[in-house]
Structure formats: structure tokens, C-alpha cells
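**Student:** Provided herewith: run.pdb, PDB, N, CA, C and O atoms, pLDDT in the B column.
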ATOM      1  N   MET A   1      97.897  96.360  80.853  1.00 88.00           N
ATOM      2  CA  MET A   1      99.152  95.869  81.368  1.00 88.00           C
ATOM      3  C   MET A   1      99.081  94.344  81.398  1.00 88.00           C
ATOM      4  O   MET A   1      98.148  93.769  81.956  1.00 88.00           O
ATOM      5  N   THR A   2     100.078  93.706  80.815  1.00 93.00           N
ATOM      6  CA  THR A   2     100.109  92.243  80.818  1.00 93.00           C
ATOM      7  C   THR A   2     100.485  91.723  82.211  1.00 93.00           C
ATOM      8  O   THR A   2     100.972  92.479  83.057  1.00 93.00           O
ATOM      9  N   ARG A   3     100.270  90.456  82.418  1.00 91.00           N
ATOM     10  CA  ARG A   3     100.621  89.851  83.703  1.00 91.00           C
ATOM     11  C   ARG A   3     102.111  90.014  83.992  1.00 91.00           C
ATOM     12  O   ARG A   3     102.503  90.353  85.105  1.00 91.00           O
ATOM     13  N   GLN A   4     102.945  89.792  82.996  1.00 92.00           N
ATOM     14  CA  GLN A   4     104.402  89.931  83.170  1.00 92.00           C
ATOM     15  C   GLN A   4     104.768  91.371  83.534  1.00 92.00           C
ATOM     16  O   GLN A   4     105.633  91.588  84.379  1.00 92.00           O
ATOM     17  N   GLU A   5     104.133  92.325  82.894  1.00 94.00           N
ATOM     18  CA  GLU A   5     104.403  93.733  83.202  1.00 94.00           C
ATOM     19  C   GLU A   5     103.976  94.076  84.624  1.00 94.00           C
ATOM     20  O   GLU A   5     104.674  94.799  85.334  1.00 94.00           O
ATOM     21  N   LYS A   6     102.835  93.534  85.031  1.00 93.00           N
ATOM     22  CA  LYS A   6     102.330  93.791  86.381  1.00 93.00           C
ATOM     23  C   LYS A   6     103.275  93.203  87.429  1.00 93.00           C
ATOM     24  O   LYS A   6     103.597  93.851  88.423  1.00 93.00           O
ATOM     25  N   VAL A   7     103.735  91.974  87.192  1.00 92.00           N
ATOM     26  CA  VAL A   7     104.670  91.346  88.123  1.00 92.00           C
ATOM     27  C   VAL A   7     105.976  92.144  88.176  1.00 92.00           C
ATOM     28  O   VAL A   7     106.518  92.391  89.260  1.00 92.00           O
ATOM     29  N   ALA A   8     106.478  92.564  87.037  1.00 93.00           N
ATOM     30  CA  ALA A   8     107.713  93.358  87.000  1.00 93.00           C
ATOM     31  C   ALA A   8     107.526  94.686  87.734  1.00 93.00           C
ATOM     32  O   ALA A   8     108.406  95.117  88.494  1.00 93.00           O
ATOM     33  N   TYR A   9     106.386  95.335  87.525  1.00 95.00           N
ATOM     34  CA  TYR A   9     106.092  96.618  88.172  1.00 95.00           C
ATOM     35  C   TYR A   9     106.088  96.468  89.691  1.00 95.00           C
ATOM     36  O   TYR A   9     106.742  97.227  90.415  1.00 95.00           O
ATOM     37  N   TRP A  10     105.369  95.456  90.198  1.00 94.00           N
ATOM     38  CA  TRP A  10     105.262  95.288  91.643  1.00 94.00           C
ATOM     39  C   TRP A  10     106.536  94.732  92.249  1.00 94.00           C
ATOM     40  O   TRP A  10     106.870  95.040  93.396  1.00 94.00           O
ATOM     41  N   THR A  11     107.282  93.963  91.495  1.00 94.00           N
ATOM     42  CA  THR A  11     108.591  93.502  91.966  1.00 94.00           C
ATOM     43  C   THR A  11     109.487  94.712  92.222  1.00 94.00           C
ATOM     44  O   THR A  11     110.161  94.799  93.250  1.00 94.00           O
ATOM     45  N   GLN A  12     109.453  95.658  91.302  1.00 94.00           N
ATOM     46  CA  GLN A  12     110.266  96.869  91.464  1.00 94.00           C
ATOM     47  C   GLN A  12     109.777  97.702  92.641  1.00 94.00           C
ATOM     48  O   GLN A  12     110.570  98.223  93.413  1.00 94.00           O
ATOM     49  N   ARG A  13     108.467  97.820  92.817  1.00 95.00           N
ATOM     50  CA  ARG A  13     107.911  98.583  93.945  1.00 95.00           C
ATOM     51  C   ARG A  13     108.331  97.979  95.274  1.00 95.00           C
ATOM     52  O   ARG A  13     108.693  98.688  96.206  1.00 95.00           O
ATOM     53  N   VAL A  14     108.271  96.640  95.357  1.00 94.00           N
ATOM     54  CA  VAL A  14     108.659  95.956  96.594  1.00 94.00           C
ATOM     55  C   VAL A  14     110.149  96.187  96.871  1.00 94.00           C
ATOM     56  O   VAL A  14     110.545  96.477  97.996  1.00 94.00           O
ATOM     57  N   LYS A  15     110.977  96.105  95.833  1.00 93.00           N
ATOM     58  CA  LYS A  15     112.412  96.367  95.996  1.00 93.00           C
ATOM     59  C   LYS A  15     112.654  97.809  96.417  1.00 93.00           C
ATOM     60  O   LYS A  15     113.479  98.079  97.285  1.00 93.00           O
ATOM     61  N   ASP A  16     111.945  98.726  95.790  1.00 95.00           N
ATOM     62  CA  ASP A  16     112.111 100.143  96.121  1.00 95.00           C
ATOM     63  C   ASP A  16     111.788 100.409  97.584  1.00 95.00           C
ATOM     64  O   ASP A  16     112.496 101.158  98.259  1.00 95.00           O
ATOM     65  N   GLN A  17     110.725  99.792  98.075  1.00 94.00           N
ATOM     66  CA  GLN A  17     110.362  99.983  99.480  1.00 94.00           C
ATOM     67  C   GLN A  17     111.454  99.412 100.381  1.00 94.00           C
ATOM     68  O   GLN A  17     111.842 100.037 101.362  1.00 94.00           O
ATOM     69  N   ALA A  18     111.971  98.258 100.034  1.00 91.00           N
ATOM     70  CA  ALA A  18     112.977  97.604 100.867  1.00 91.00           C
ATOM     71  C   ALA A  18     114.244  98.443 100.998  1.00 91.00           C
ATOM     72  O   ALA A  18     114.815  98.537 102.079  1.00 91.00           O
ATOM     73  N   VAL A  19     114.664  99.070  99.911  1.00 94.00           N
ATOM     74  CA  VAL A  19     115.902  99.860  99.957  1.00 94.00           C
ATOM     75  C   VAL A  19     115.667 101.302 100.386  1.00 94.00           C
ATOM     76  O   VAL A  19     116.616 102.028 100.646  1.00 94.00           O
ATOM     77  N   SER A  20     114.415 101.706 100.485  1.00 93.00           N
ATOM     78  CA  SER A  20     114.114 103.102 100.830  1.00 93.00           C
ATOM     79  C   SER A  20     114.442 103.437 102.275  1.00 93.00           C
ATOM     80  O   SER A  20     114.656 104.602 102.605  1.00 93.00           O
ATOM     81  N   GLY A  21     114.457 102.420 103.138  1.00 91.00           N
ATOM     82  CA  GLY A  21     114.668 102.683 104.553  1.00 91.00           C
ATOM     83  C   GLY A  21     113.401 103.134 105.253  1.00 91.00           C
ATOM     84  O   GLY A  21     113.414 103.415 106.441  1.00 91.00           O
ATOM     85  N   LEU A  22     112.304 103.195 104.519  1.00 93.00           N
ATOM     86  CA  LEU A  22     111.018 103.607 105.083  1.00 93.00           C
ATOM     87  C   LEU A  22     110.204 102.384 105.475  1.00 93.00           C
ATOM     88  O   LEU A  22     110.355 101.315 104.874  1.00 93.00           O
ATOM     89  N   SER A  23     109.338 102.558 106.449  1.00 93.00           N
ATOM     90  CA  SER A  23     108.402 101.488 106.786  1.00 93.00           C
ATOM     91  C   SER A  23     107.448 101.310 105.613  1.00 93.00           C
ATOM     92  O   SER A  23     107.316 102.202 104.757  1.00 93.00           O
ATOM     93  N   VAL A  24     106.777 100.179 105.585  1.00 93.00           N
ATOM     94  CA  VAL A  24     105.798  99.929 104.523  1.00 93.00           C
ATOM     95  C   VAL A  24     104.735 101.020 104.547  1.00 93.00           C
ATOM     96  O   VAL A  24     104.377 101.582 103.507  1.00 93.00           O
ATOM     97  N   LYS A  25     104.256 101.339 105.732  1.00 94.00           N
ATOM     98  CA  LYS A  25     103.205 102.349 105.866  1.00 94.00           C
ATOM     99  C   LYS A  25     103.664 103.713 105.340  1.00 94.00           C
ATOM    100  O   LYS A  25     102.954 104.368 104.576  1.00 94.00           O
ATOM    101  N   ARG A  26     104.855 104.131 105.716  1.00 96.00           N
ATOM    102  CA  ARG A  26     105.364 105.441 105.282  1.00 96.00           C
ATOM    103  C   ARG A  26     105.657 105.452 103.782  1.00 96.00           C
ATOM    104  O   ARG A  26     105.359 106.417 103.092  1.00 96.00           O
ATOM    105  N   TYR A  27     106.244 104.363 103.283  1.00 96.00           N
ATOM    106  CA  TYR A  27     106.530 104.275 101.851  1.00 96.00           C
ATOM    107  C   TYR A  27     105.238 104.369 101.040  1.00 96.00           C
ATOM    108  O   TYR A  27     105.165 105.109 100.059  1.00 96.00           O
ATOM    109  N   CYS A  28     104.223 103.637 101.475  1.00 96.00           N
ATOM    110  CA  CYS A  28     102.948 103.638 100.755  1.00 96.00           C
ATOM    111  C   CYS A  28     102.294 105.018 100.783  1.00 96.00           C
ATOM    112  O   CYS A  28     101.733 105.459  99.780  1.00 96.00           O
ATOM    113  N   ALA A  29     102.389 105.701 101.908  1.00 96.00           N
ATOM    114  CA  ALA A  29     101.833 107.053 101.994  1.00 96.00           C
ATOM    115  C   ALA A  29     102.559 107.979 101.029  1.00 96.00           C
ATOM    116  O   ALA A  29     101.930 108.767 100.311  1.00 96.00           O
ATOM    117  N   GLN A  30     103.875 107.857 100.982  1.00 96.00           N
ATOM    118  CA  GLN A  30     104.686 108.694 100.095  1.00 96.00           C
ATOM    119  C   GLN A  30     104.372 108.423  98.628  1.00 96.00           C
ATOM    120  O   GLN A  30     104.292 109.344  97.821  1.00 96.00           O
ATOM    121  N   GLU A  31     104.191 107.147  98.295  1.00 96.00           N
ATOM    122  CA  GLU A  31     103.952 106.750  96.903  1.00 96.00           C
ATOM    123  C   GLU A  31     102.469 106.709  96.541  1.00 96.00           C
ATOM    124  O   GLU A  31     102.129 106.405  95.397  1.00 96.00           O
ATOM    125  N   GLU A  32     101.622 106.991  97.541  1.00 96.00           N
ATOM    126  CA  GLU A  32     100.170 107.010  97.335  1.00 96.00           C
ATOM    127  C   GLU A  32      99.633 105.681  96.804  1.00 96.00           C
ATOM    128  O   GLU A  32      98.886 105.628  95.829  1.00 96.00           O
ATOM    129  N   ILE A  33     100.061 104.600  97.458  1.00 96.00           N
ATOM    130  CA  ILE A  33      99.531 103.282  97.132  1.00 96.00           C
ATOM    131  C   ILE A  33      98.975 102.669  98.423  1.00 96.00           C
ATOM    132  O   ILE A  33      99.506 102.918  99.511  1.00 96.00           O
ATOM    133  N   PRO A  34      97.927 101.881  98.336  1.00 97.00           N
ATOM    134  CA  PRO A  34      97.366 101.258  99.534  1.00 97.00           C
ATOM    135  C   PRO A  34      98.346 100.264 100.174  1.00 97.00           C
ATOM    136  O   PRO A  34      98.992  99.483  99.465  1.00 97.00           O
ATOM    137  N   VAL A  35      98.464 100.313 101.487  1.00 95.00           N
ATOM    138  CA  VAL A  35      99.348  99.403 102.214  1.00 95.00           C
ATOM    139  C   VAL A  35      98.979  97.952 101.903  1.00 95.00           C
ATOM    140  O   VAL A  35      99.860  97.121 101.666  1.00 95.00           O
ATOM    141  N   GLY A  36      97.699  97.658 101.900  1.00 95.00           N
ATOM    142  CA  GLY A  36      97.245  96.298 101.619  1.00 95.00           C
ATOM    143  C   GLY A  36      97.692  95.785 100.261  1.00 95.00           C
ATOM    144  O   GLY A  36      97.979  94.600 100.105  1.00 95.00           O
ATOM    145  N   THR A  37      97.768  96.672  99.294  1.00 96.00           N
ATOM    146  CA  THR A  37      98.197  96.267  97.946  1.00 96.00           C
ATOM    147  C   THR A  37      99.669  95.876  97.950  1.00 96.00           C
ATOM    148  O   THR A  37     100.050  94.849  97.390  1.00 96.00           O
ATOM    149  N   LEU A  38     100.486  96.693  98.602  1.00 95.00           N
ATOM    150  CA  LEU A  38     101.914  96.363  98.664  1.00 95.00           C
ATOM    151  C   LEU A  38     102.126  95.072  99.458  1.00 95.00           C
ATOM    152  O   LEU A  38     102.910  94.213  99.058  1.00 95.00           O
ATOM    153  N   GLN A  39     101.401  94.909 100.547  1.00 94.00           N
ATOM    154  CA  GLN A  39     101.521  93.688 101.347  1.00 94.00           C
ATOM    155  C   GLN A  39     101.073  92.465 100.545  1.00 94.00           C
ATOM    156  O   GLN A  39     101.693  91.407 100.623  1.00 94.00           O
ATOM    157  N   TYR A  40     100.007  92.627  99.773  1.00 94.00           N
ATOM    158  CA  TYR A  40      99.539  91.540  98.909  1.00 94.00           C
ATOM    159  C   TYR A  40     100.654  91.110  97.962  1.00 94.00           C
ATOM    160  O   TYR A  40     100.936  89.921  97.813  1.00 94.00           O
ATOM    161  N   TRP A  41     101.305  92.055  97.308  1.00 93.00           N
ATOM    162  CA  TRP A  41     102.348  91.735  96.346  1.00 93.00           C
ATOM    163  C   TRP A  41     103.594  91.179  97.018  1.00 93.00           C
ATOM    164  O   TRP A  41     104.277  90.323  96.463  1.00 93.00           O
ATOM    165  N   ARG A  42     103.890  91.641  98.224  1.00 92.00           N
ATOM    166  CA  ARG A  42     105.019  91.068  98.964  1.00 92.00           C
ATOM    167  C   ARG A  42     104.770  89.575  99.183  1.00 92.00           C
ATOM    168  O   ARG A  42     105.665  88.753  98.995  1.00 92.00           O
ATOM    169  N   ARG A  43     103.548  89.223  99.616  1.00 91.00           N
ATOM    170  CA  ARG A  43     103.203  87.807  99.835  1.00 91.00           C
ATOM    171  C   ARG A  43     103.218  87.041  98.517  1.00 91.00           C
ATOM    172  O   ARG A  43     103.745  85.938  98.434  1.00 91.00           O
ATOM    173  N   LYS A  44     102.606  87.619  97.495  1.00 91.00           N
ATOM    174  CA  LYS A  44     102.512  86.954  96.192  1.00 91.00           C
ATOM    175  C   LYS A  44     103.900  86.675  95.606  1.00 91.00           C
ATOM    176  O   LYS A  44     104.126  85.632  95.011  1.00 91.00           O
ATOM    177  N   LEU A  45     104.822  87.600  95.813  1.00 90.00           N
ATOM    178  CA  LEU A  45     106.177  87.454  95.279  1.00 90.00           C
ATOM    179  C   LEU A  45     107.084  86.670  96.222  1.00 90.00           C
ATOM    180  O   LEU A  45     108.237  86.408  95.894  1.00 90.00           O
ATOM    181  N   GLY A  46     106.567  86.325  97.400  1.00 88.00           N
ATOM    182  CA  GLY A  46     107.351  85.532  98.346  1.00 88.00           C
ATOM    183  C   GLY A  46     108.455  86.311  99.023  1.00 88.00           C
ATOM    184  O   GLY A  46     109.502  85.757  99.335  1.00 88.00           O
ATOM    185  N   VAL A  47     108.223  87.594  99.264  1.00 77.00           N
ATOM    186  CA  VAL A  47     109.235  88.439  99.892  1.00 77.00           C
ATOM    187  C   VAL A  47     108.985  88.474 101.390  1.00 77.00           C
ATOM    188  O   VAL A  47     107.921  88.891 101.836  1.00 77.00           O
ATOM    189  N   ALA A  48     109.964  88.024 102.145  1.00 65.00           N
ATOM    190  CA  ALA A  48     109.857  88.072 103.610  1.00 65.00           C
ATOM    191  C   ALA A  48     110.093  89.504 104.063  1.00 65.00           C
ATOM    192  O   ALA A  48     110.849  90.254 103.450  1.00 65.00           O
ATOM    193  N   HIS A  49     109.438  89.873 105.130  1.00 58.00           N
ATOM    194  CA  HIS A  49     109.584  91.221 105.655  1.00 58.00           C
ATOM    195  C   HIS A  49     109.937  91.148 107.128  1.00 58.00           C
ATOM    196  O   HIS A  49     109.293  90.454 107.895  1.00 58.00           O
ATOM    197  N   SER A  50     110.945  91.885 107.477  1.00 54.00           N
ATOM    198  CA  SER A  50     111.334  91.982 108.880  1.00 54.00           C
ATOM    199  C   SER A  50     111.216  93.438 109.290  1.00 54.00           C
ATOM    200  O   SER A  50     111.803  94.319 108.670  1.00 54.00           O
ATOM    201  N   ALA A  51     110.462  93.699 110.335  1.00 49.00           N
ATOM    202  CA  ALA A  51     110.273  95.074 110.801  1.00 49.00           C
ATOM    203  C   ALA A  51     111.595  95.691 111.234  1.00 49.00           C
ATOM    204  O   ALA A  51     111.779  96.890 111.167  1.00 49.00           O
ATOM    205  N   ARG A  52     112.517  94.867 111.664  1.00 45.00           N
ATOM    206  CA  ARG A  52     113.796  95.379 112.138  1.00 45.00           C
ATOM    207  C   ARG A  52     114.923  95.105 111.145  1.00 45.00           C
ATOM    208  O   ARG A  52     116.084  95.038 111.520  1.00 45.00           O
ATOM    209  N   GLN A  53     114.596  94.971 109.900  1.00 46.00           N
ATOM    210  CA  GLN A  53     115.584  94.658 108.880  1.00 46.00           C
ATOM    211  C   GLN A  53     116.718  95.689 108.861  1.00 46.00           C
ATOM    212  O   GLN A  53     117.863  95.350 108.659  1.00 46.00           O
ATOM    213  N   ARG A  54     116.404  96.944 109.112  1.00 46.00           N
ATOM    214  CA  ARG A  54     117.417  97.993 109.089  1.00 46.00           C
ATOM    215  C   ARG A  54     118.320  97.949 110.307  1.00 46.00           C
ATOM    216  O   ARG A  54     119.377  98.534 110.316  1.00 46.00           O
ATOM    217  N   ASP A  55     117.884  97.272 111.394  1.00 46.00           N
ATOM    218  CA  ASP A  55     118.625  97.276 112.642  1.00 46.00           C
ATOM    219  C   ASP A  55     119.582  96.101 112.779  1.00 46.00           C
ATOM    220  O   ASP A  55     120.067  95.824 113.860  1.00 46.00           O
ATOM    221  N   VAL A  56     119.879  95.419 111.690  1.00 47.00           N
ATOM    222  CA  VAL A  56     120.770  94.271 111.742  1.00 47.00           C
ATOM    223  C   VAL A  56     122.198  94.764 111.957  1.00 47.00           C
ATOM    224  O   VAL A  56     122.655  95.704 111.323  1.00 47.00           O
ATOM    225  N   VAL A  57     122.887  94.125 112.873  1.00 49.00           N
ATOM    226  CA  VAL A  57     124.262  94.499 113.197  1.00 49.00           C
ATOM    227  C   VAL A  57     125.165  93.334 112.850  1.00 49.00           C
ATOM    228  O   VAL A  57     124.847  92.185 113.143  1.00 49.00           O
ATOM    229  N   ASP A  58     126.287  93.636 112.237  1.00 55.00           N
ATOM    230  CA  ASP A  58     127.259  92.588 111.933  1.00 55.00           C
ATOM    231  C   ASP A  58     128.048  92.262 113.194  1.00 55.00           C
ATOM    232  O   ASP A  58     128.488  93.160 113.908  1.00 55.00           O
ATOM    233  N   PHE A  59     128.213  90.972 113.454  1.00 59.00           N
ATOM    234  CA  PHE A  59     129.008  90.534 114.586  1.00 59.00           C
ATOM    235  C   PHE A  59     130.250  89.845 114.058  1.00 59.00           C
ATOM    236  O   PHE A  59     130.204  89.124 113.070  1.00 59.00           O
ATOM    237  N   PHE A  60     131.341  90.080 114.749  1.00 61.00           N
ATOM    238  CA  PHE A  60     132.584  89.459 114.362  1.00 61.00           C
ATOM    239  C   PHE A  60     133.021  88.515 115.481  1.00 61.00           C
ATOM    240  O   PHE A  60     132.895  88.845 116.650  1.00 61.00           O
ATOM    241  N   PRO A  61     133.557  87.360 115.139  1.00 65.00           N
ATOM    242  CA  PRO A  61     133.981  86.422 116.182  1.00 65.00           C
ATOM    243  C   PRO A  61     135.160  86.988 116.978  1.00 65.00           C
ATOM    244  O   PRO A  61     136.020  87.660 116.424  1.00 65.00           O
ATOM    245  N   LEU A  62     135.136  86.712 118.272  1.00 67.00           N
ATOM    246  CA  LEU A  62     136.253  87.119 119.117  1.00 67.00           C
ATOM    247  C   LEU A  62     137.301  86.021 119.103  1.00 67.00           C
ATOM    248  O   LEU A  62     136.985  84.849 119.225  1.00 67.00           O
ATOM    249  N   VAL A  63     138.516  86.416 118.966  1.00 70.00           N
ATOM    250  CA  VAL A  63     139.607  85.460 118.921  1.00 70.00           C
ATOM    251  C   VAL A  63     140.502  85.733 120.120  1.00 70.00           C
ATOM    252  O   VAL A  63     140.976  86.848 120.310  1.00 70.00           O
ATOM    253  N   SER A  64     140.692  84.725 120.926  1.00 68.00           N
ATOM    254  CA  SER A  64     141.572  84.923 122.083  1.00 68.00           C
ATOM    255  C   SER A  64     143.021  84.729 121.655  1.00 68.00           C
ATOM    256  O   SER A  64     143.348  83.900 120.817  1.00 68.00           O
ATOM    257  N   VAL A  65     143.887  85.521 122.236  1.00 67.00           N
ATOM    258  CA  VAL A  65     145.319  85.443 121.887  1.00 67.00           C
ATOM    259  C   VAL A  65     146.137  84.949 123.037  1.00 67.00           C
ATOM    260  O   VAL A  65     145.840  84.990 124.146  1.00 67.00           O
TER     261      VAL A  65
END
Once more with this new file: its structure as C-alpha cells, please.

**Tutor:**
Amino acid sequence: MTRQEKVAYWTQRVKDQAVSGLSVKRYCAQEEIPVGTLQYWRRKLGVAHSARQRDVVDFFPLVSV
């Protein structure tokens, strides 16, 4: 696997985990990959991780009438 292929592969894995709705630990168990490996690639690719990313709520400004 070339370097470009490896980066593309792990970029997709990181994206898949992010949209899966699963924690890193659960996603890795499901996909049978070491947690440390996914975390390494998240750092290498510069992907920020928020444990509460799924719990974000949209707020709307209140307008007085």
C-alpha cells in the first residue's frame, strides 16, 4: 500500500467513525482495529475529537416583540 493509499484508507476510517454515532472504543471493537491506531491517525490527520460531538444542540436567538 502506498503512502497516499494509506492516508486515504485511514481518512475514510476516521470519517466512518465520526458519522457512525459510535464511540471510538465501540467503533474500533466493531471494526476490529486497535483504538490506539485510530487515535494515532486522528492526530496525524489533524482531526479534532469531541466526546460530546453527538450532543450538540442548535440554539436560536430569542427575539422580543

**Student:** May I ask for the distance between CA of Val24 in chain A and atom O of Gln4 in chain A, given in Å to one decimal place?

**Tutor:**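 One can read the CA of Val24 in chain A to atom O of Gln4 in chain A distance as 21.8 Å.
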
**Student:** Assuming 4 Å of padding per side, give the centre and edge lengths of the axis-aligned box around every listed atom of range 34-40 of chain A, in Å to one decimal and as AutoDock Vina command-line options.

**Tutor:**
--center_x 100.1 --center_y 95.9 --center_z 99.8 --size_x 13.7 --size_y 20.0 --size_z 12.8

**Student:** Fewer than 6 positions away in the same chain doesn't count, so skip those; otherwise give me all residues within 8 Å of range 26-42 of chain A, counting only C-alpha atoms, as a list of chain:residue names.

**Tutor:**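 Skipping anything fewer than 6 positions along the chain leaves A:Trp10, A:Thr11, A:Arg13, A:Val14, A:Gln17, A:Ser20, A:Ala48.
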
**Student:** Interatomic distance between atom N of Met1 in chain A and atom C of Gly21 in chain A?

**Tutor:**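 Between these atoms lies a distance of 29.7 Å.
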
**Student:** Tell me, which residues of range 1-55 of chain A carry DSSP helix (DSSP H, G or I), written as a PyMOL selection string?

**Tutor:** chain A and resi 3-20+24-31+35-44+53-55

**Student:** Please indicate the distance in Å from CA of Leu45 in chain A to CA of Asp16 in chain A, rounded to one decimal place.

**Tutor:** 14.0 Å
